[in-house]
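One file, structure14.txt, carrying compact mmCIF, C-alpha atoms:
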# COMPACT_ATOMS: atom_id res chain seq x y z
CA MET A 27 95.83 91.64 104.12
CA SER A 28 96.93 93.13 107.43
CA LEU A 29 98.87 96.10 108.58
CA VAL A 30 101.19 97.43 105.86
CA PHE A 31 102.51 100.59 107.54
CA ALA A 32 102.68 102.06 111.04
CA GLY A 33 104.10 105.39 112.11
CA ILE A 34 103.76 108.26 114.53
CA MET A 35 104.20 112.02 114.26
CA SER A 36 103.45 115.26 116.06
CA HIS A 37 100.27 117.17 115.19
CA GLY A 38 100.61 120.63 116.77
CA PRO A 39 98.47 123.22 114.97
CA GLY A 40 101.51 125.49 114.78
CA MET A 41 102.96 123.11 112.15
CA THR A 42 100.64 124.76 109.64
CA ALA A 43 99.22 127.78 111.51
CA ARG A 44 102.55 129.32 112.50
CA ALA A 45 104.97 127.49 110.20
CA GLU A 46 106.88 130.60 109.12
CA ARG A 47 107.82 131.41 112.71
CA ALA A 48 109.81 128.21 113.25
CA ASP A 49 113.59 128.26 112.84
CA PRO A 50 114.09 127.08 109.23
CA ALA A 51 117.24 125.20 110.29
CA VAL A 52 115.01 122.86 112.30
CA ARG A 53 111.73 123.18 110.42
CA GLU A 54 113.08 122.17 107.02
CA PRO A 55 114.74 118.90 108.12
CA PHE A 56 111.53 118.13 110.04
CA TYR A 57 109.46 118.55 106.87
CA VAL A 58 111.99 116.37 105.02
CA ALA A 59 111.40 113.64 107.64
CA LEU A 60 107.64 114.01 107.17
CA ASP A 61 108.17 113.65 103.41
CA ARG A 62 110.02 110.44 104.06
CA LEU A 63 107.16 109.22 106.24
CA ARG A 64 104.74 110.08 103.41
CA GLU A 65 106.86 108.21 100.86
CA GLU A 66 106.99 105.11 103.06
CA LEU A 67 103.22 105.32 103.54
CA GLU A 68 102.71 105.60 99.76
CA ARG A 69 105.09 102.70 99.10
CA SER A 70 102.95 100.48 101.32
CA ARG A 71 100.03 101.01 98.85
CA PRO A 72 97.38 101.25 101.57
CA ASP A 73 93.65 100.93 100.88
CA ALA A 74 92.84 102.85 104.05
CA LEU A 75 94.55 104.73 106.86
CA ILE A 76 93.58 104.41 110.51
CA VAL A 77 94.60 107.54 112.43
CA ILE A 78 94.71 107.14 116.21
CA ALA A 79 94.44 110.68 117.49
CA ALA A 80 93.84 112.52 120.72
CA GLU A 81 91.17 115.01 119.80
CA HIS A 82 90.60 118.24 121.65
CA PHE A 83 86.86 118.47 122.28
CA ALA A 84 85.94 118.54 118.61
CA ASN A 85 83.41 115.70 118.80
CA PHE A 86 83.48 114.41 122.34
CA PHE A 87 82.79 116.38 125.49
CA MET A 88 82.70 115.67 129.21
CA ASN A 89 78.95 115.01 129.03
CA ASN A 90 79.58 111.60 127.48
CA MET A 91 83.28 110.95 127.00
CA PRO A 92 84.33 107.66 125.43
CA ALA A 93 87.75 106.33 126.42
CA TYR A 94 88.01 104.84 122.92
CA ALA A 95 86.08 105.72 119.79
CA ILE A 96 86.32 104.77 116.11
CA GLY A 97 84.61 106.54 113.23
CA MET A 98 82.16 104.66 111.01
CA ALA A 99 81.26 106.95 108.11
CA ASP A 100 81.81 107.18 104.36
CA GLU A 101 82.75 110.82 104.67
CA TYR A 102 84.23 113.13 107.27
CA GLU A 103 84.83 116.87 107.40
CA GLY A 104 87.68 118.98 108.66
CA PRO A 105 89.13 121.03 110.04
CA ILE A 106 86.55 121.91 112.68
CA GLU A 107 88.72 124.87 113.62
CA ASP A 108 88.64 128.12 111.67
CA PRO A 109 90.43 127.12 108.42
CA GLU A 110 92.13 130.52 108.32
CA TRP A 111 93.50 129.95 111.81
CA LEU A 112 94.81 126.45 111.02
CA ARG A 113 95.66 127.35 107.39
CA ILE A 114 94.17 124.11 106.11
CA GLU A 115 91.18 124.47 103.82
CA ARG A 116 87.93 122.89 105.05
CA ARG A 117 87.06 119.86 102.97
CA SER A 118 85.46 116.45 102.88
CA ILE A 119 87.72 113.46 103.61
CA PRO A 120 86.73 109.99 102.38
CA GLY A 121 86.06 107.19 104.84
CA SER A 122 84.72 103.65 104.57
CA ALA A 123 81.78 102.86 106.82
CA GLU A 124 81.84 99.25 105.72
CA LEU A 125 85.52 98.70 106.56
CA SER A 126 85.08 100.67 109.80
CA ARG A 127 82.23 98.38 110.80
CA ARG A 128 84.38 95.29 110.35
CA ILE A 129 87.32 96.85 112.22
CA ILE A 130 85.09 97.99 115.08
CA GLY A 131 83.46 94.57 115.31
CA LYS A 132 86.83 92.90 115.72
CA VAL A 133 88.19 95.51 118.14
CA MET A 134 85.10 95.04 120.32
CA GLU A 135 86.11 91.46 120.95
CA LYS A 136 88.94 92.85 123.09
CA VAL A 137 88.21 96.51 123.90
CA ASP A 138 84.91 98.30 124.46
CA VAL A 139 84.95 101.05 121.87
CA ALA A 140 82.36 103.67 120.99
CA TYR A 141 81.50 104.13 117.31
CA ALA A 142 80.71 107.44 115.70
CA GLU A 143 78.89 107.93 112.38
CA GLU A 144 79.73 111.62 112.49
CA TRP A 145 83.20 112.99 113.08
CA LYS A 146 84.74 116.38 112.45
CA PHE A 147 88.50 116.22 112.24
CA ASP A 148 90.45 118.73 114.29
CA HIS A 149 94.14 119.59 113.92
CA GLY A 150 95.07 116.27 115.54
CA ILE A 151 94.08 114.51 112.31
CA MET A 152 94.10 117.34 109.74
CA VAL A 153 97.71 118.38 110.34
CA PRO A 154 99.07 114.83 109.86
CA LEU A 155 96.88 114.30 106.76
CA ASN A 156 98.07 117.63 105.36
CA PHE A 157 101.61 116.22 105.31
CA LEU A 158 100.95 112.51 104.67
CA THR A 159 98.05 112.53 102.20
CA PRO A 160 98.14 116.10 100.89
CA ARG A 161 95.41 115.34 98.32
CA PHE A 162 93.18 114.00 101.12
CA ASP A 163 92.21 111.12 98.85
CA LEU A 164 93.03 108.05 100.98
CA PRO A 165 90.04 106.69 102.95
CA VAL A 166 90.59 107.46 106.61
CA ILE A 167 89.25 105.68 109.69
CA PRO A 168 89.57 108.03 112.66
CA ALA A 169 90.15 106.56 116.10
CA ASN A 170 90.31 108.52 119.31
CA ILE A 171 91.70 107.97 122.77
CA ASN A 172 90.53 110.44 125.38
CA CYS A 173 93.68 112.22 126.53
CA GLN A 174 91.98 115.49 127.57
CA GLY A 175 89.37 114.89 130.22
CA PRO A 176 90.49 112.77 133.19
CA PRO A 177 89.88 110.08 134.25
CA LEU A 178 92.02 108.75 131.40
CA THR A 179 92.41 105.20 130.19
CA PRO A 180 95.58 103.54 131.58
CA LEU A 181 98.59 103.22 129.26
CA SER A 182 98.40 99.44 129.47
CA ARG A 183 94.88 99.63 128.04
CA ALA A 184 96.06 101.95 125.25
CA TYR A 185 98.63 99.30 124.31
CA GLU A 186 95.86 96.68 124.31
CA PHE A 187 93.72 98.94 122.12
CA GLY A 188 96.56 98.90 119.60
CA ARG A 189 96.78 95.12 119.78
CA ALA A 190 93.03 94.89 119.17
CA ILE A 191 93.35 97.17 116.13
CA ARG A 192 96.12 94.95 114.81
CA ALA A 193 93.96 91.84 115.19
CA ALA A 194 91.20 93.65 113.30
CA CYS A 195 93.60 94.65 110.50
CA ASP A 196 94.90 91.08 110.27
CA ALA A 197 91.32 89.87 109.77
CA ALA A 198 90.62 92.29 106.89
CA PRO A 199 91.60 91.64 103.25
CA GLU A 200 92.46 95.32 102.75
CA ARG A 201 95.95 96.79 103.05
CA ILE A 202 95.71 99.03 106.10
CA ALA A 203 98.09 101.74 107.28
CA LEU A 204 98.16 103.09 110.83
CA MET A 205 99.29 106.45 112.21
CA GLY A 206 99.39 107.63 115.79
CA THR A 207 99.51 111.37 116.37
CA GLY A 208 100.11 113.43 119.47
CA GLY A 209 102.68 115.52 121.17
CA ILE A 210 105.23 113.93 123.38
CA SER A 211 106.11 116.39 126.16
CA HIS A 212 104.30 119.70 125.84
CA TRP A 213 102.37 122.32 127.77
CA PRO A 214 100.09 123.58 124.97
CA ALA A 215 97.51 126.30 125.51
CA THR A 216 99.13 127.45 128.75
CA PRO A 217 101.42 130.44 129.40
CA ASN A 218 104.27 127.90 129.11
CA SER A 219 103.34 126.87 125.55
CA GLY A 220 106.67 126.14 123.88
CA LYS A 221 108.23 124.46 126.91
CA ILE A 222 109.54 121.05 125.80
CA ASN A 223 111.35 118.32 127.76
CA VAL A 224 113.68 117.08 125.03
CA ALA A 225 115.36 114.39 127.14
CA TRP A 226 111.95 112.95 128.05
CA ASP A 227 110.89 112.95 124.39
CA ARG A 228 114.03 111.13 123.28
CA GLU A 229 113.68 108.54 126.05
CA PHE A 230 110.02 107.97 125.15
CA LEU A 231 110.92 107.47 121.48
CA ARG A 232 113.71 105.09 122.48
CA ARG A 233 111.17 102.98 124.35
CA TRP A 234 108.76 103.24 121.41
CA SER A 235 111.40 102.23 118.87
CA ALA A 236 112.39 99.22 120.96
CA ASN A 237 108.66 98.49 121.41
CA ASP A 238 109.42 97.93 125.06
CA ARG A 239 105.90 97.35 126.35
CA ALA A 240 106.84 97.34 130.05
CA ALA A 241 108.78 100.60 129.79
CA LEU A 242 106.18 102.28 127.56
CA THR A 243 103.37 101.55 129.99
CA SER A 244 105.29 102.30 133.21
CA TYR A 245 104.73 106.09 133.31
CA SER A 246 102.22 107.14 135.97
CA ASP A 247 99.95 110.05 135.04
CA ALA A 248 101.47 112.08 137.88
CA GLU A 249 104.96 111.53 136.45
CA THR A 250 103.80 112.37 132.94
CA LEU A 251 102.11 115.57 134.12
CA ARG A 252 105.24 116.60 136.05
CA ASP A 253 107.81 115.75 133.37
CA ALA A 254 105.88 116.06 130.12
CA GLY A 255 102.98 118.39 130.89
CA GLN A 256 99.29 117.75 130.42
CA GLY A 257 100.01 117.42 126.69
CA GLY A 258 102.13 114.39 127.57
CA PHE A 259 98.93 112.44 128.22
CA GLU A 260 98.72 112.09 124.42
CA ILE A 261 101.43 109.39 124.54
CA ARG A 262 98.43 107.04 124.66
CA THR A 263 98.05 107.35 120.89
CA LEU A 264 101.71 106.54 120.27
CA THR A 265 101.61 103.68 122.76
CA ALA A 266 98.61 102.21 120.95
CA VAL A 267 100.61 102.13 117.70
CA ALA A 268 103.37 100.27 119.52
CA GLY A 269 100.72 97.82 120.71
CA ALA A 270 99.57 97.30 117.14
CA CYS A 271 103.16 96.47 116.22
CA GLU A 272 104.03 94.26 119.19
CA GLY A 273 107.15 92.30 118.31
CA SER A 274 108.35 94.88 115.77
CA ALA A 275 110.99 97.57 116.26
CA GLY A 276 110.89 101.12 114.97
CA GLU A 277 113.08 103.91 113.71
CA VAL A 278 113.02 107.57 114.75
CA LEU A 279 113.28 109.73 111.62
CA PHE A 280 113.37 113.07 113.45
CA CYS A 281 112.93 114.58 116.90
CA GLU A 282 113.92 118.18 117.65
CA PRO A 283 112.19 120.80 119.78
CA ILE A 284 110.27 123.43 117.80
CA PRO A 285 108.88 125.79 120.49
CA ILE A 286 106.50 127.76 118.24
CA PHE A 287 104.90 124.38 117.33
CA ALA A 288 104.56 123.79 121.11
CA THR A 289 106.21 120.35 120.87
CA SER A 290 109.17 118.51 119.49
CA GLY A 291 108.65 117.97 115.81
CA PHE A 292 108.96 114.23 115.48
CA ALA A 293 108.35 111.39 113.08
CA ALA A 294 108.99 107.68 113.57
CA VAL A 295 108.08 104.54 111.73
CA MET A 296 107.77 100.89 112.73
CA ASN A 297 109.66 98.38 110.66
CA LEU A 298 106.95 95.73 110.56
CA ASN A 299 109.45 93.04 109.61
CA ALA A 300 112.08 93.79 112.27
CA GLU A 301 111.89 92.15 115.66
CA ALA A 302 111.92 94.30 118.78
CA LYS A 303 115.04 94.06 120.86
CA GLY A 304 113.87 95.63 124.11
CA ALA A 305 110.42 94.10 124.37
CA ALA A 306 109.69 92.00 127.40
CA MET B 10 79.82 122.02 138.60
CA THR B 11 79.62 125.52 137.19
CA LEU B 12 83.06 125.02 135.57
CA TYR B 13 81.58 122.12 133.65
CA ARG B 14 78.78 124.38 132.39
CA LEU B 15 81.22 127.16 131.54
CA GLN B 16 83.28 124.74 129.45
CA LYS B 17 80.11 123.41 127.85
CA LEU B 18 79.14 126.94 126.78
CA LEU B 19 82.58 127.46 125.22
CA TYR B 20 82.52 124.02 123.58
CA GLU B 21 79.15 124.83 122.00
CA LEU B 22 80.40 128.26 120.92
CA ASN B 23 83.44 126.66 119.27
CA ARG B 24 81.35 124.36 117.12
CA ASP B 25 77.84 125.75 116.63
CA PRO B 26 77.18 128.88 114.55
CA ARG B 27 73.72 129.17 116.14
CA VAL B 28 75.23 129.48 119.61
CA GLN B 29 77.73 131.99 118.22
CA GLU B 30 74.83 134.01 116.86
CA ALA B 31 73.05 133.90 120.22
CA PHE B 32 76.27 135.05 121.89
CA LEU B 33 76.60 138.00 119.54
CA ASN B 34 72.92 138.97 119.65
CA ASP B 35 72.05 138.55 123.33
CA ARG B 36 74.87 137.43 125.52
CA GLU B 37 72.83 137.84 128.74
CA CYS B 38 70.10 135.55 127.47
CA LEU B 39 72.67 132.88 126.56
CA LEU B 40 74.42 133.28 129.93
CA ALA B 41 71.13 132.69 131.75
CA GLU B 42 70.82 129.30 130.09
CA TYR B 43 74.16 128.09 131.42
CA ARG B 44 73.76 129.20 135.09
CA LEU B 45 77.38 130.19 135.65
CA SER B 46 78.97 131.58 138.81
CA ASP B 47 79.23 135.37 139.03
CA ASP B 48 82.98 135.26 138.26
CA GLU B 49 82.45 133.04 135.23
CA ALA B 50 79.57 135.11 133.86
CA GLU B 51 81.56 138.31 134.27
CA ALA B 52 84.55 136.80 132.44
CA ILE B 53 82.28 135.84 129.53
CA ARG B 54 80.63 139.28 129.54
CA SER B 55 83.99 141.04 129.31
CA ASP B 56 85.73 138.58 126.92
CA ASP B 57 88.32 138.07 129.68
CA VAL B 58 90.23 135.14 128.19
CA GLY B 59 92.92 135.34 130.87
CA LYS B 60 90.37 135.06 133.66
CA LEU B 61 88.67 132.12 131.94
CA TYR B 62 92.06 130.39 131.90
CA ILE B 63 92.48 130.99 135.65
CA LEU B 64 88.97 129.69 136.33
CA GLY B 65 90.05 126.35 134.88
CA VAL B 66 88.73 126.20 131.32
CA ASN B 67 90.60 123.47 129.42
CA GLY B 68 93.16 125.13 127.13
CA GLN B 69 92.04 123.18 124.08
CA ILE B 70 88.60 124.76 124.44
CA LEU B 71 89.80 128.23 125.42
CA MET B 72 92.36 128.48 122.59
CA HIS B 73 89.62 128.50 119.94
CA PHE B 74 87.34 130.85 121.87
CA ALA B 75 90.28 133.26 122.15
CA ALA B 76 90.86 133.10 118.39
CA TRP B 77 87.14 133.64 117.70
CA ARG B 78 87.14 136.71 119.96
CA GLY B 79 89.96 138.14 117.85
CA LEU B 80 93.05 137.41 119.93
CA ALA B 81 96.13 136.61 117.85
CA TRP B 82 98.25 133.73 119.14
CA ASP B 83 100.75 135.91 121.00
CA GLU B 84 97.96 138.03 122.52
CA TYR B 85 96.28 134.88 123.77
CA ILE B 86 99.46 133.59 125.44
CA GLN B 87 100.10 137.07 126.88
CA ALA B 88 96.54 137.27 128.26
CA MET B 89 97.15 134.05 130.21
CA LYS B 90 100.50 135.31 131.52
CA GLU B 91 98.95 138.59 132.69
CA ALA B 92 96.00 136.85 134.33
CA LEU B 93 98.37 134.52 136.14
CA ALA B 94 100.27 137.51 137.53
CA LYS B 95 97.02 139.23 138.53
CA HIS B 96 94.92 136.36 139.93
CA GLY B 97 97.43 133.63 140.83
CA GLN B 98 97.48 129.97 139.84
CA VAL B 99 94.77 128.23 137.80
CA LYS B 100 92.00 127.05 140.12
CA ALA B 101 90.98 123.75 138.51
CA GLY B 102 91.67 121.31 135.71
CA ILE B 103 94.89 120.05 134.14
CA TYR B 104 96.05 123.24 132.39
CA ALA B 105 97.78 124.86 135.37
CA ALA B 106 100.83 126.99 134.61
CA VAL B 107 104.26 125.75 135.65
CA GLU B 108 107.31 127.78 136.66
CA GLY B 109 105.15 130.82 137.27
CA GLY B 110 104.09 130.87 133.62
CA GLU B 111 107.57 131.98 132.59
CA GLY B 112 109.14 131.10 129.27
CA GLY B 113 107.30 129.58 126.38
CA ALA B 114 107.38 130.66 122.77
CA ILE B 115 105.95 133.99 121.74
Before anything else, please render the file you have as structure tokens.
Amino acid sequence: MSLVFAGIMSHGPGMTARAERADPAVREPFYVALDRLREELERSRPDALIVIAAEHFANFFMNNMPAYAIGMADEYEGPIEDPEWLRIERRSIPGSAELSRRIIGKVMEKVDVAYAEEWKFDHGIMVPLNFLTPRFDLPVIPANINCQGPPLTPLSRAYEFGRAIRAACDAAPERIALMGTGGISHWPATPNSGKINVAWDREFLRRWSANDRAALTSYSDAETLRDAGQGGFEIRTLTAVAGACEGSAGEVLFCEPIPIFATSGFAAVMNLNAEAKGAA
Amino acid sequence: MTLYRLQKLLYELNRDPRVQEAFLNDRECLLAEYRLSDDEAEAIRSDDVGKLYILGVNGQILMHFAAWRGLAWDEYIQAMKEALAKHGQVKAGIYAAVEGGEGGAI
């Protein structure tokens, strides 16, 4: 059937682990925006949800780090973190090995991707699912872009990964939804955790909403590290979603800094029928 | 090279209850397997999360080790701030502090 929904959101563990410490005046409208994202996802009646995440050494380590990986199992488990720490109960999450296999086969025509028949979800997937599919009943296909252990895949390749995922969705009869999750600017797990470059976040989301490929892929890693912190490397996941929606424009539902969540809380959705204005 | 092995030890500890058990039962025996530098081994021996941060352990690995060793979120951030003041900037990796480690949300 093709892609029926595409969105992006933040995934900081603080969103569940330290929720009560966020300023309610910002937290509550953020959760309202996430509700809206969930409603739009539900309205698209998806058969499966691909989540492009930037995991944090839950499954992949520097001994054998794939730039791109996609899960291929009928069942996953998460969170890998202490459930009491993340405040999300450990559970099984349905997948579809058969659909994964078809998606991976198509993606491989364009991008070399590792497959994984085992995958433990960390907060990068569990936090978004907690808000978007709170019953954890929609089959999920996890995808990962290494954003933690340099050398990192170039942004232009992340965009191409998204395009390859789109081609794979277009070739499948199922209705497929897509989410990208990651921080924008942030310095997580450092003494500066909570530092956020709001102007940089808004400019990134402007480029994302316009689906301006040239502008989205123009950040050098040195610039990203300087302006958006090492957490900013996770823009690869958001850029891939833009790639999957090349030619479409998006809408930012929310973006405000929430320091105790370590990032801006943000949510944005692509309007798959609207043409991009800023794209080259 | 030893930083790689240090991070591998913490990665295994974060995910494998058997390695956690080995850590709790005979830390020296586990340390011998990973052939760490003296500084790294001492930081593991003394649960010195701040020092591990300075030695260059990726924050996404260290964060969960800190929680497992009983540090609450604010204590973990504070341990990094104190280590930064004591030992100076992070020696390797991409998790270096900026602006002297000032600010942030505690």
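Take the candidates A:Ala169, A:Ile202, A:Leu279, A:Leu158 and check each one against Glu65 (chain A) using only C-alpha atoms; the shortest distance goes to A:Leu158.
Considering only C-alpha atoms, the residue among A:Pro168, A:Cys173, A:Leu29, A:Ile114 positioned nearest to Glu144 (chain A) is A:Pro168.
With distances restricted to all atoms listed in the file, A:His37 is the closest residue to Met152 (chain A) from A:Arg62, A:Arg127, A:Arg183, A:His37.
Between CA of Asn170 (chain A) and CA of Ala194 (chain A) there is a distance of 16.1 Å.
Each of B:Tyr85, B:Gly68, B:Leu15, B:His96 was checked against chain A using all atoms listed in the file; the smallest atom-to-atom distance is that of B:Gly68.
The smallest atom-to-atom distance between Ala190 (chain A) and any of A:Asp61, A:Asp138, A:Glu68, A:Glu103, using only C-alpha atoms, is found for A:Asp138.
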- Message: Measuring between all atoms listed in the file, which one of A:Thr216, A:Asn223, A:Ser274, A:Thr265 shows the shortest distance to chain B?
- Response: A:Thr216
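Using all atoms listed in the file, the protein and nucleic acid residues lying no more than 9 Å from Gly109 (chain B), apart from those fewer than 4 places from it along its own chain, are Pro217 and Asn218 of chain A; Lys90, Leu93, Ala94, Gly97 and Gln98 of chain B.
Put simply, CA of Met35 (chain A) is 19.9 Å away from CA of Ala84 (chain A).
The two atoms in question, CA of Asp56 (chain B) and CA of Asp83 (chain B), are spaced 16.4 Å apart.
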- Message: Taking all atoms listed in the file into account and nothing else, which residues of chain B lie no more than 10 Å away from chain A? Please answer as a ChimeraX atom specification.
- Response: /B:13-14,16-17,20-21,23-24,59,62,67-73,76-77,81-82,85-93,102-115
Pull C-alpha atoms from the residues just selected and write them as a compact mmCIF listing (two decimals), in the frame of the given file.
# COMPACT_ATOMS: atom_id res chain seq x y z
CA TYR B 13 81.58 122.12 133.65
CA ARG B 14 78.78 124.38 132.39
CA GLN B 16 83.28 124.74 129.45
CA LYS B 17 80.11 123.41 127.85
CA TYR B 20 82.52 124.02 123.58
CA GLU B 21 79.15 124.83 122.00
CA ASN B 23 83.44 126.66 119.27
CA ARG B 24 81.35 124.36 117.12
CA GLY B 59 92.92 135.34 130.87
CA TYR B 62 92.06 130.39 131.90
CA ASN B 67 90.60 123.47 129.42
CA GLY B 68 93.16 125.13 127.13
CA GLN B 69 92.04 123.18 124.08
CA ILE B 70 88.60 124.76 124.44
CA LEU B 71 89.80 128.23 125.42
CA MET B 72 92.36 128.48 122.59
CA HIS B 73 89.62 128.50 119.94
CA ALA B 76 90.86 133.10 118.39
CA TRP B 77 87.14 133.64 117.70
CA ALA B 81 96.13 136.61 117.85
CA TRP B 82 98.25 133.73 119.14
CA TYR B 85 96.28 134.88 123.77
CA ILE B 86 99.46 133.59 125.44
CA GLN B 87 100.10 137.07 126.88
CA ALA B 88 96.54 137.27 128.26
CA MET B 89 97.15 134.05 130.21
CA LYS B 90 100.50 135.31 131.52
CA GLU B 91 98.95 138.59 132.69
CA ALA B 92 96.00 136.85 134.33
CA LEU B 93 98.37 134.52 136.14
CA GLY B 102 91.67 121.31 135.71
CA ILE B 103 94.89 120.05 134.14
CA TYR B 104 96.05 123.24 132.39
CA ALA B 105 97.78 124.86 135.37
CA ALA B 106 100.83 126.99 134.61
CA VAL B 107 104.26 125.75 135.65
CA GLU B 108 107.31 127.78 136.66
CA GLY B 109 105.15 130.82 137.27
CA GLY B 110 104.09 130.87 133.62
CA GLU B 111 107.57 131.98 132.59
CA GLY B 112 109.14 131.10 129.27
CA GLY B 113 107.30 129.58 126.38
CA ALA B 114 107.38 130.66 122.77
CA ILE B 115 105.95 133.99 121.74
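Around Thr250 (chain A), within 10 Å and counting only C-alpha atoms, the residues found are Ile210, Ser211, Trp226, Tyr245, Ser246, Asp247, Ala248, Arg252, Asp253, Ala254, Gly255, Gln256, Gly257, Gly258, Phe259, Glu260 and Ile261 of chain A, once anything fewer than 2 positions away on its own chain is removed.
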- Surrounding residues of Phe31 (chain A) excluding itself and chain neighbours under 4 positions, 7 Å, only C-alpha atoms, as a ChimeraX atom specification: /A:67,70,203-204
Which residues are close to Arg233 (chain A), i.e. within 12 Å by all atoms listed in the file, leaving aside same-chain residues fewer than 2 positions away? Reply as a tab-separated table (two decimals) with C-alpha atoms, in the coordinates of the input.
chain	number	residue	atom	x	y	z
A	226	TRP	CA	111.95	112.95	128.05
A	227	ASP	CA	110.89	112.95	124.39
A	228	ARG	CA	114.03	111.13	123.28
A	229	GLU	CA	113.68	108.54	126.05
A	230	PHE	CA	110.02	107.97	125.15
A	231	LEU	CA	110.92	107.47	121.48
A	235	SER	CA	111.40	102.23	118.87
A	236	ALA	CA	112.39	99.22	120.96
A	237	ASN	CA	108.66	98.49	121.41
A	238	ASP	CA	109.42	97.93	125.06
A	239	ARG	CA	105.90	97.35	126.35
A	240	ALA	CA	106.84	97.34	130.05
A	241	ALA	CA	108.78	100.60	129.79
A	242	LEU	CA	106.18	102.28	127.56
A	243	THR	CA	103.37	101.55	129.99
A	244	SER	CA	105.29	102.30	133.21
A	245	TYR	CA	104.73	106.09	133.31
A	261	ILE	CA	101.43	109.39	124.54
A	264	LEU	CA	101.71	106.54	120.27
A	265	THR	CA	101.61	103.68	122.76
A	268	ALA	CA	103.37	100.27	119.52
A	275	ALA	CA	110.99	97.57	116.26
A	276	GLY	CA	110.89	101.12	114.97
A	277	GLU	CA	113.08	103.91	113.71
A	278	VAL	CA	113.02	107.57	114.75
A	294	ALA	CA	108.99	107.68	113.57
A	302	ALA	CA	111.92	94.30	118.78
A	303	LYS	CA	115.04	94.06	120.86
A	304	GLY	CA	113.87	95.63	124.11
A	305	ALA	CA	110.42	94.10	124.37
A	306	ALA	CA	109.69	92.00	127.40
- Task: Tell me, as a list in words, which residues lie within 10 Å of Ile78 (chain A), counting all atoms listed in the file; anything in the same chain fewer than 3 positions away does not count.
- Result: Ile34, Leu75, Glu81, Tyr94, Ala95, Ile96, Gly150, Ile151, Ile167, Pro168, Ala169, Asn170, Ile171, Gly188, Leu204, Met205, Gly206, Thr207, Gly208, Arg262, Thr263, Leu264, Ala266 and Val267 of chain A
Can you write just those residues out, C-alpha atoms, as a PDB file, in the coordinates of the input?
ATOM      1  CA  ILE A  34     103.760 108.260 114.530  1.00  0.00           C
ATOM      2  CA  LEU A  75      94.550 104.730 106.860  1.00  0.00           C
ATOM      3  CA  GLU A  81      91.170 115.010 119.800  1.00  0.00           C
ATOM      4  CA  TYR A  94      88.010 104.840 122.920  1.00  0.00           C
ATOM      5  CA  ALA A  95      86.080 105.720 119.790  1.00  0.00           C
ATOM      6  CA  ILE A  96      86.320 104.770 116.110  1.00  0.00           C
ATOM      7  CA  GLY A 150      95.070 116.270 115.540  1.00  0.00           C
ATOM      8  CA  ILE A 151      94.080 114.510 112.310  1.00  0.00           C
ATOM      9  CA  ILE A 167      89.250 105.680 109.690  1.00  0.00           C
ATOM     10  CA  PRO A 168      89.570 108.030 112.660  1.00  0.00           C
ATOM     11  CA  ALA A 169      90.150 106.560 116.100  1.00  0.00           C
ATOM     12  CA  ASN A 170      90.310 108.520 119.310  1.00  0.00           C
ATOM     13  CA  ILE A 171      91.700 107.970 122.770  1.00  0.00           C
ATOM     14  CA  GLY A 188      96.560  98.900 119.600  1.00  0.00           C
ATOM     15  CA  LEU A 204      98.160 103.090 110.830  1.00  0.00           C
ATOM     16  CA  MET A 205      99.290 106.450 112.210  1.00  0.00           C
ATOM     17  CA  GLY A 206      99.390 107.630 115.790  1.00  0.00           C
ATOM     18  CA  THR A 207      99.510 111.370 116.370  1.00  0.00           C
ATOM     19  CA  GLY A 208     100.110 113.430 119.470  1.00  0.00           C
ATOM     20  CA  ARG A 262      98.430 107.040 124.660  1.00  0.00           C
ATOM     21  CA  THR A 263      98.050 107.350 120.890  1.00  0.00           C
ATOM     22  CA  LEU A 264     101.710 106.540 120.270  1.00  0.00           C
ATOM     23  CA  ALA A 266      98.610 102.210 120.950  1.00  0.00           C
ATOM     24  CA  VAL A 267     100.610 102.130 117.700  1.00  0.00           C
TER      25      VAL A 267
END
